[in-house]
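Below is one structure, written out as structure tokens; the observations come after it.
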Amino acid sequence: MSDKFDGWLEGELAEGYTRFANRRLPAGAHYLSSERLGSTTLARKVAVVFAAIVLALMATTAIAAAAATGSPNPVIWGRYMKTVVTTCKDQLHSGQHGIGNCVSAAARQKGTQEREEHSKGQGHGRPSP
Amino acid sequence: MAEQDFRPGSQDDFDRLYRSSYNRVLYTVYGILGDQAAAEDCTHDAFVRAFKAWASWKPDAPAEAWLHRIAINVAYTYARRRRLGEVGELVRRLGRPAPAAEPADVAETSDLFRALRRLPHEQAAVIILRHHHGYTNREIAFALGAPESTIASRLAKAKKRLRDELRWPDAPGQVVTRPDTVVVLEDGSQG
């Protein structure tokens with residue numbers, strides 16, 4: 001029964017991670033700017049800007065996911081990630097725990113593939129109006 | 001994460017660590033706090049602190065576990081402050097009805113994360129570190145700042161508490177698909 005619970009738990013955690021795995025990181029090495037954060041007010045301003053960037057990135061991520069899966073529907077991306085989760089669970093050997101690394105690697109690979117395809121697409125130039 | 005010859009103090013190496021670990025650390029903090037905006041803030045803060053301390057990182061433990069240790073401490077501090085704020089709020093609105101949960105919070109949280117939110121923070125952390133990140137007892141001990149000898153019992157306690165929260169059945173003969181959906185009993189009926 002414990003194995004069943006562990007399997008369910010790891011599957012749920014992996015599915016939950018799909019929301020995070022495809023996120024773009026906050027722009028630039030934001031930790032460098034910390035040296036200048038002297039006042040709370042400034043820190044709050046940065047937090048607001050940071051939140052705005054995160055929102056913008058979330059929108060970009062949805063577009064990237066659409067490009068990667070060939071569909072504007074984020075549900076398709078979700079289905080793709082569910083397949084990844086299932087495959088990763090199948091690959092787990094007895095006694096091993098956690099499929100986070102496997103899911104992360106698949107999401108990263110898809111992201112790289114999407115970026116390459118995107119840059120190739122840009123290389124062909126714009127279609128004439 | 002496999003150790004990739006990180007050099008303490010090297011900005012390039014910290015960038016690499018940031019890229020490979022940010023979302024994973026964020027997820028752990030989200031599991032502890034159950035609040036994505038707060039998890040983003042805490043993870044951001046953790047990376048700022050980690051960068052300041054990067055030159056003093058010792059490669060005797062995985063760099064990601066070290067990052068987790070910083071982030072988990074930031075999350076604990078945040079949770080303590082939030083709890084104090086909630087007590088103050090409770091005192092202010094004594095006698096008034098409690099506000100309803102935000103619909104967005106309810107919609108985007110699974111049963112598991114609702115249950116994790118009811119666990120002590122350390123128990124939620126140990127569950128995610130083992131059952132998502134696949135950390136060993138030694139790595140978990142380092143990330144939590146606890147003796148390695150106590151990790152197995154902490155993990156067992158955390159899982160028991162989680163099963164109780166989810167009302168996961170233990171009786172033999174019961175087949176469970178998910179705790180909130182269908183339970184097929186031995187006689188074929190559905191409970």
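Residues are named by chain letter and number: chains run A, B, ... in the order of the structure tokens, numbers start at 1 in each chain, and ligands are numbered from 1 in the order shown.
By chain and then residue number, the residues within 8 Å of segment 126-128 of chain B are Leu13 of chain A; Thr28, Gly31, Glu122, His132, His133, Ile140, Arg154, Leu155, Ala158 and Lys159 of chain B, counting only C-alpha atoms and disregarding those fewer than 4 positions away in sequence.
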Those selected residues, please, written with C-alpha atoms and delivered as a PDB file, in the first residue's frame.
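Output file selection_29.pdb follows:
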ATOM      1  CA  LEU A  13       4.165  16.130  -7.395  1.00  0.00           C
TER       2      LEU A  13
ATOM      3  CA  THR B  28       9.943  23.299  -2.985  1.00  0.00           C
ATOM      4  CA  GLY B  31       5.121  23.223  -1.489  1.00  0.00           C
ATOM      5  CA  GLU B 122       9.509  20.909   7.716  1.00  0.00           C
ATOM      6  CA  HIS B 132      10.004  14.961  -6.144  1.00  0.00           C
ATOM      7  CA  HIS B 133      13.686  15.865  -6.177  1.00  0.00           C
ATOM      8  CA  ILE B 140      17.817  16.195   2.881  1.00  0.00           C
ATOM      9  CA  ARG B 154      10.967  12.514   9.961  1.00  0.00           C
ATOM     10  CA  LEU B 155      10.068  11.283   6.514  1.00  0.00           C
ATOM     11  CA  ALA B 158       5.565  13.308   7.359  1.00  0.00           C
ATOM     12  CA  LYS B 159       4.134  10.587   5.118  1.00  0.00           C
TER      13      LYS B 159
END
With a distance cut-off of 7 Å and only C-alpha atoms, select the neighbouring residues of segment 36-49 of chain B, excluding the residue or stretch itself and same-chain residues fewer than 5 positions from it, and output the selection as a list in words.
Tyr31 and Ser34 of chain A; Val25, Leu26, Val29, Tyr30, Ile70, Ala71, Val74 and Ala75 of chain B
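In this comparison, which uses only C-alpha atoms, the residue of A:Ala14, A:Leu25, A:Ile99, A:Leu55 approaching Met81 of chain A most closely is A:Ala14.
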Dump as a ChimeraX atom specification the residues of chain A that approach chain B to within 9 Å, counting only C-alpha atoms.
/A:1-2,4-6,8-14,16-17,20-26,29-35,47,51,96-101,104
C-alpha atoms of the current selection, written as a short mmCIF file (atom, residue, chain, number, x, y, z; two decimals), in the first residue's frame:
data_model
loop_
_atom_site.label_atom_id
_atom_site.label_comp_id
_atom_site.auth_asym_id
_atom_site.auth_seq_id
_atom_site.Cartn_x
_atom_site.Cartn_y
_atom_site.Cartn_z
CA MET A 1 0.00 0.00 0.00
CA SER A 2 2.94 2.27 0.79
CA LYS A 4 1.01 2.68 -4.16
CA PHE A 5 0.89 5.82 -2.07
CA ASP A 6 4.48 6.69 -3.02
CA TRP A 8 0.55 8.39 -6.46
CA LEU A 9 2.44 11.04 -4.46
CA GLU A 10 5.31 11.21 -6.94
CA GLY A 11 2.91 11.40 -9.87
CA GLU A 12 0.97 14.26 -8.28
CA LEU A 13 4.16 16.13 -7.39
CA ALA A 14 5.46 15.69 -10.94
CA GLY A 16 2.25 19.93 -10.06
CA TYR A 17 5.77 20.70 -11.22
CA PHE A 20 6.86 25.45 -12.89
CA ALA A 21 9.08 23.41 -15.23
CA ASN A 22 8.28 25.43 -18.34
CA ARG A 23 8.57 28.82 -16.66
CA ARG A 24 11.12 31.24 -18.00
CA LEU A 25 13.48 32.45 -15.28
CA PRO A 26 13.27 36.02 -14.01
CA ALA A 29 20.88 37.68 -13.08
CA HIS A 30 18.52 39.55 -10.77
CA TYR A 31 20.51 38.58 -7.69
CA LEU A 32 23.28 40.99 -8.78
CA SER A 33 21.07 44.02 -8.20
CA SER A 34 20.68 43.07 -4.53
CA GLU A 35 23.82 44.94 -3.52
CA ALA A 47 9.20 43.56 -6.08
CA ALA A 51 5.93 40.76 -10.35
CA GLN A 96 14.27 5.09 -6.51
CA HIS A 97 12.34 8.18 -5.54
CA GLY A 98 11.40 11.36 -7.33
CA ILE A 99 10.96 11.98 -11.01
CA GLY A 100 11.65 15.70 -10.78
CA ASN A 101 14.98 15.46 -12.60
CA SER A 104 12.83 18.92 -15.64
#
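Reported to one decimal place, the separation of atom CA of Ser153 of chain B from atom CA of Arg82 of chain B is 28.3 Å.
Pairwise distance (atom CA of Leu166 of chain B, atom CA of Gly7 of chain A) equals 14.7 Å.
Nearest residue to Lys82 of chain A, choosing from A:Glu116, A:Val46, A:Gly95, A:Ala107 and counting only C-alpha atoms: A:Ala107.
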How many Å separate atom CA of Ile32 of chain B from atom CA of Ala143 of chain B?
13.5 Å
